[in-house]
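Comments concern the structure below.
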Amino acid sequence: MPEADFSLPVRVYYQDTDAGGVVYHASHLQFLERARYEWLRKLGFTANSLIESHGVLFMLRSLEIEYSKPATLDNLLMVTVKVTHIGRSRITVYQGILRDEIKLVSATIHIVCVGVTSLKPVSLPAPLREKIGTIK
């Protein structure tokens with residue numbers, strides 16, 4: 001697993017699990033989303049600030065995910081974000097979900113920057129591109 005640019009601790013609650021107390025597969029997607037949002041916040045951006053100041057938002061283009069081991073009720077997980085590629089309008093991130101340094105889930109996610117009104121790809125805002133460059 002590549003060294004992370006950002007990590008977020010996440011506790012597994014009852015609402016995240018199935019009837020057997022195992023984290024439901026879709027809950028992992030919520031954990032990954034939360035970590036990406038907090039990563040942006042650490043860089044000094046929020047969804048609202050990107051919309052209001054730059055007229056852009058992010059949409060997922062594709063997601064490849066592998067579930068290696070289960071997480072269960074009350075586990076403390078670490079959700080990581082690592083930027084692996086920056087294009088004109090696209091960011092590729094590698095994300096992991098770990099428990100005690102053991103990889104449970106890995107995902108490669110392609111995120112596209114789009115205009116708020118057109119929902120068509122636009123260039124990443126320069127301030128965001130500069131901030132991402134400082135953590136690589």
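Residues in the structure tokens are numbered from 1 in each chain, the chains being A, B, ... in the order shown, and ligands are numbered from 1 in the order shown.
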
Long-range neighbours of Glu64 in chain A as an MDAnalysis selection string, 10 Å cut-off, only C-alpha atoms, 4 positions minimum in chain: chainID A and resid 94 106:110

Residues of range 15-92 of chain A that have any atom at most 12 Å from an atom of range 112-125 of chain A: could you tabulate them with the shortest-distance atom pair and the distance in Å to one decimal, using only C-alpha atoms, ordered by chain and increasing number, as a tab-separated table?
residue	atom	partner	partner_atom	distance
A:Phe45	CA	A:Pro125	CA	10.9
A:Ala47	CA	A:Val116	CA	11.2
A:Asn48	CA	A:Val116	CA	11.1
A:Ser49	CA	A:Pro125	CA	11.5
A:Leu50	CA	A:Pro125	CA	8.5
A:Ile51	CA	A:Val116	CA	6.8
A:Glu52	CA	A:Val116	CA	9.5
A:Ser53	CA	A:Pro125	CA	9.6
A:His54	CA	A:Pro125	CA	6.7
A:Gly55	CA	A:Val116	CA	5.5
A:Val56	CA	A:Gly115	CA	4.6
A:Leu57	CA	A:Val114	CA	5.6
A:Phe58	CA	A:Cys113	CA	4.7
A:Met59	CA	A:Val112	CA	5.4
A:Leu60	CA	A:Val112	CA	6.2
A:Arg61	CA	A:Val112	CA	6.2
A:Ser62	CA	A:Val112	CA	9.3
A:Leu63	CA	A:Val112	CA	11.9
A:His85	CA	A:Val112	CA	11.9
A:Ile86	CA	A:Leu124	CA	9.1
A:Gly87	CA	A:Leu124	CA	8.3
A:Arg88	CA	A:Ser123	CA	5.2
A:Ser89	CA	A:Ser123	CA	4.5
A:Arg90	CA	A:Val112	CA	4.5
A:Ile91	CA	A:Val112	CA	6.5
A:Thr92	CA	A:Val112	CA	8.8

Residue neighbourhood Gln30 in chain A, 12 Å, only C-alpha atoms, exclusion window fewer than 6 positions, as number ranges by chain: A: 10, 12, 15-16, 23-24, 36-37, 79, 97

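Rounded to one decimal, CA of Ala19 in chain A and CA of Met78 in chain A lie 23.1 Å from each other.
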
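Nearest residue to Leu32 in chain A, choosing from A:Gly133, A:Leu128, A:Glu3, A:Pro9 and counting only C-alpha atoms: A:Pro9.
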
Picked from chain A by DSSP as alpha helix (DSSP H), as a ChimeraX atom specification: /A:25-43,47-49,126-134

Selection to disk with N, CA and C atoms, as a PDB file, in the first residue's frame:
ATOM      1  N   HIS A  25     -20.843  -3.815   2.383  1.00  0.00           N
ATOM      2  CA  HIS A  25     -19.925  -3.365   1.335  1.00  0.00           C
ATOM      3  C   HIS A  25     -20.118  -1.891   0.955  1.00  0.00           C
ATOM      4  N   ALA A  26     -21.331  -1.400   0.926  1.00  0.00           N
ATOM      5  CA  ALA A  26     -21.579  -0.005   0.555  1.00  0.00           C
ATOM      6  C   ALA A  26     -21.097   0.969   1.638  1.00  0.00           C
ATOM      7  N   SER A  27     -21.026   0.517   2.874  1.00  0.00           N
ATOM      8  CA  SER A  27     -20.518   1.381   3.945  1.00  0.00           C
ATOM      9  C   SER A  27     -19.060   1.754   3.703  1.00  0.00           C
ATOM     10  N   HIS A  28     -18.299   0.844   3.100  1.00  0.00           N
ATOM     11  CA  HIS A  28     -16.907   1.147   2.779  1.00  0.00           C
ATOM     12  C   HIS A  28     -16.824   2.351   1.841  1.00  0.00           C
ATOM     13  N   LEU A  29     -17.759   2.437   0.893  1.00  0.00           N
ATOM     14  CA  LEU A  29     -17.766   3.566  -0.041  1.00  0.00           C
ATOM     15  C   LEU A  29     -17.995   4.877   0.700  1.00  0.00           C
ATOM     16  N   GLN A  30     -18.840   4.842   1.719  1.00  0.00           N
ATOM     17  CA  GLN A  30     -19.067   6.044   2.528  1.00  0.00           C
ATOM     18  C   GLN A  30     -17.807   6.425   3.306  1.00  0.00           C
ATOM     19  N   PHE A  31     -17.095   5.440   3.825  1.00  0.00           N
ATOM     20  CA  PHE A  31     -15.847   5.720   4.540  1.00  0.00           C
ATOM     21  C   PHE A  31     -14.828   6.372   3.598  1.00  0.00           C
ATOM     22  N   LEU A  32     -14.727   5.836   2.377  1.00  0.00           N
ATOM     23  CA  LEU A  32     -13.790   6.381   1.396  1.00  0.00           C
ATOM     24  C   LEU A  32     -14.151   7.813   1.030  1.00  0.00           C
ATOM     25  N   GLU A  33     -15.436   8.065   0.818  1.00  0.00           N
ATOM     26  CA  GLU A  33     -15.915   9.412   0.489  1.00  0.00           C
ATOM     27  C   GLU A  33     -15.606  10.384   1.620  1.00  0.00           C
ATOM     28  N   ARG A  34     -15.851   9.975   2.834  1.00  0.00           N
ATOM     29  CA  ARG A  34     -15.596  10.831   3.995  1.00  0.00           C
ATOM     30  C   ARG A  34     -14.114  11.212   4.070  1.00  0.00           C
ATOM     31  N   ALA A  35     -13.241  10.247   3.818  1.00  0.00           N
ATOM     32  CA  ALA A  35     -11.805  10.529   3.868  1.00  0.00           C
ATOM     33  C   ALA A  35     -11.394  11.499   2.758  1.00  0.00           C
ATOM     34  N   ARG A  36     -11.956  11.330   1.555  1.00  0.00           N
ATOM     35  CA  ARG A  36     -11.628  12.267   0.477  1.00  0.00           C
ATOM     36  C   ARG A  36     -12.100  13.677   0.811  1.00  0.00           C
ATOM     37  N   TYR A  37     -13.259  13.797   1.422  1.00  0.00           N
ATOM     38  CA  TYR A  37     -13.781  15.115   1.788  1.00  0.00           C
ATOM     39  C   TYR A  37     -12.895  15.763   2.859  1.00  0.00           C
ATOM     40  N   GLU A  38     -12.495  14.995   3.843  1.00  0.00           N
ATOM     41  CA  GLU A  38     -11.634  15.534   4.900  1.00  0.00           C
ATOM     42  C   GLU A  38     -10.236  15.858   4.371  1.00  0.00           C
ATOM     43  N   TRP A  39      -9.764  15.091   3.390  1.00  0.00           N
ATOM     44  CA  TRP A  39      -8.500  15.387   2.728  1.00  0.00           C
ATOM     45  C   TRP A  39      -8.583  16.754   2.046  1.00  0.00           C
ATOM     46  N   LEU A  40      -9.680  17.004   1.319  1.00  0.00           N
ATOM     47  CA  LEU A  40      -9.875  18.320   0.691  1.00  0.00           C
ATOM     48  C   LEU A  40      -9.916  19.426   1.742  1.00  0.00           C
ATOM     49  N   ARG A  41     -10.598  19.160   2.834  1.00  0.00           N
ATOM     50  CA  ARG A  41     -10.692  20.141   3.922  1.00  0.00           C
ATOM     51  C   ARG A  41      -9.283  20.461   4.464  1.00  0.00           C
ATOM     52  N   LYS A  42      -8.444  19.436   4.610  1.00  0.00           N
ATOM     53  CA  LYS A  42      -7.078  19.646   5.090  1.00  0.00           C
ATOM     54  C   LYS A  42      -6.302  20.538   4.113  1.00  0.00           C
ATOM     55  N   LEU A  43      -6.617  20.431   2.835  1.00  0.00           N
ATOM     56  CA  LEU A  43      -5.959  21.268   1.830  1.00  0.00           C
ATOM     57  C   LEU A  43      -6.512  22.692   1.817  1.00  0.00           C
ATOM     58  N   ALA A  47     -16.570  21.426  -0.309  1.00  0.00           N
ATOM     59  CA  ALA A  47     -17.438  21.343  -1.489  1.00  0.00           C
ATOM     60  C   ALA A  47     -18.063  22.707  -1.765  1.00  0.00           C
ATOM     61  N   ASN A  48     -18.534  23.373  -0.724  1.00  0.00           N
ATOM     62  CA  ASN A  48     -19.162  24.690  -0.907  1.00  0.00           C
ATOM     63  C   ASN A  48     -18.178  25.728  -1.415  1.00  0.00           C
ATOM     64  N   SER A  49     -16.955  25.732  -0.902  1.00  0.00           N
ATOM     65  CA  SER A  49     -15.988  26.737  -1.354  1.00  0.00           C
ATOM     66  C   SER A  49     -15.600  26.504  -2.807  1.00  0.00           C
ATOM     67  N   ALA A 126      -6.516  26.245 -10.164  1.00  0.00           N
ATOM     68  CA  ALA A 126      -5.074  26.363  -9.930  1.00  0.00           C
ATOM     69  C   ALA A 126      -4.712  26.280  -8.445  1.00  0.00           C
ATOM     70  N   PRO A 127      -5.447  26.947  -7.539  1.00  0.00           N
ATOM     71  CA  PRO A 127      -5.076  26.838  -6.118  1.00  0.00           C
ATOM     72  C   PRO A 127      -5.141  25.400  -5.590  1.00  0.00           C
ATOM     73  N   LEU A 128      -6.118  24.637  -6.053  1.00  0.00           N
ATOM     74  CA  LEU A 128      -6.231  23.241  -5.628  1.00  0.00           C
ATOM     75  C   LEU A 128      -5.077  22.430  -6.210  1.00  0.00           C
ATOM     76  N   ARG A 129      -4.786  22.618  -7.467  1.00  0.00           N
ATOM     77  CA  ARG A 129      -3.680  21.905  -8.121  1.00  0.00           C
ATOM     78  C   ARG A 129      -2.369  22.176  -7.370  1.00  0.00           C
ATOM     79  N   GLU A 130      -2.160  23.440  -6.995  1.00  0.00           N
ATOM     80  CA  GLU A 130      -0.940  23.795  -6.259  1.00  0.00           C
ATOM     81  C   GLU A 130      -0.883  23.105  -4.900  1.00  0.00           C
ATOM     82  N   LYS A 131      -2.005  23.069  -4.192  1.00  0.00           N
ATOM     83  CA  LYS A 131      -2.037  22.425  -2.866  1.00  0.00           C
ATOM     84  C   LYS A 131      -1.801  20.928  -2.981  1.00  0.00           C
ATOM     85  N   ILE A 132      -2.408  20.287  -3.979  1.00  0.00           N
ATOM     86  CA  ILE A 132      -2.204  18.845  -4.161  1.00  0.00           C
ATOM     87  C   ILE A 132      -0.734  18.579  -4.437  1.00  0.00           C
ATOM     88  N   GLY A 133      -0.119  19.439  -5.218  1.00  0.00           N
ATOM     89  CA  GLY A 133       1.293  19.272  -5.538  1.00  0.00           C
ATOM     90  C   GLY A 133       2.203  19.344  -4.331  1.00  0.00           C
ATOM     91  N   THR A 134       1.783  20.048  -3.272  1.00  0.00           N
ATOM     92  CA  THR A 134       2.631  20.192  -2.097  1.00  0.00           C
ATOM     93  C   THR A 134       2.646  18.949  -1.213  1.00  0.00           C
TER      94      THR A 134
END

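Rounded to one decimal, CA of Pro70 in chain A and CA of Leu98 in chain A lie 10.1 Å from each other.
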
Sel. of strand (DSSP E) residues, range 4-61 of chain A, as a PyMOL selection string: chain A and resi 6-11+56-61

Residue subset to file, keeping C-alpha atoms, as a tab-separated table (two decimals), in the first residue's frame:
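The result, written out as part-v4.tsv:
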chain	number	residue	atom	x	y	z
A	6	PHE	CA	-3.89	11.75	4.36
A	7	SER	CA	-5.46	9.35	6.88
A	8	LEU	CA	-8.77	9.50	8.71
A	9	PRO	CA	-9.74	7.30	11.66
A	10	VAL	CA	-13.26	5.86	11.36
A	11	ARG	CA	-15.09	3.82	13.99
A	56	VAL	CA	-16.70	23.46	-9.86
A	57	LEU	CA	-17.58	20.22	-8.16
A	58	PHE	CA	-16.23	16.69	-8.29
A	59	MET	CA	-17.90	13.60	-9.69
A	60	LEU	CA	-16.68	10.02	-9.64
A	61	ARG	CA	-15.81	8.74	-13.10

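For the atom pair formed by CA of Leu104 in chain A and CA of Thr46 in chain A, the distance is 27.8 Å, given to one decimal.
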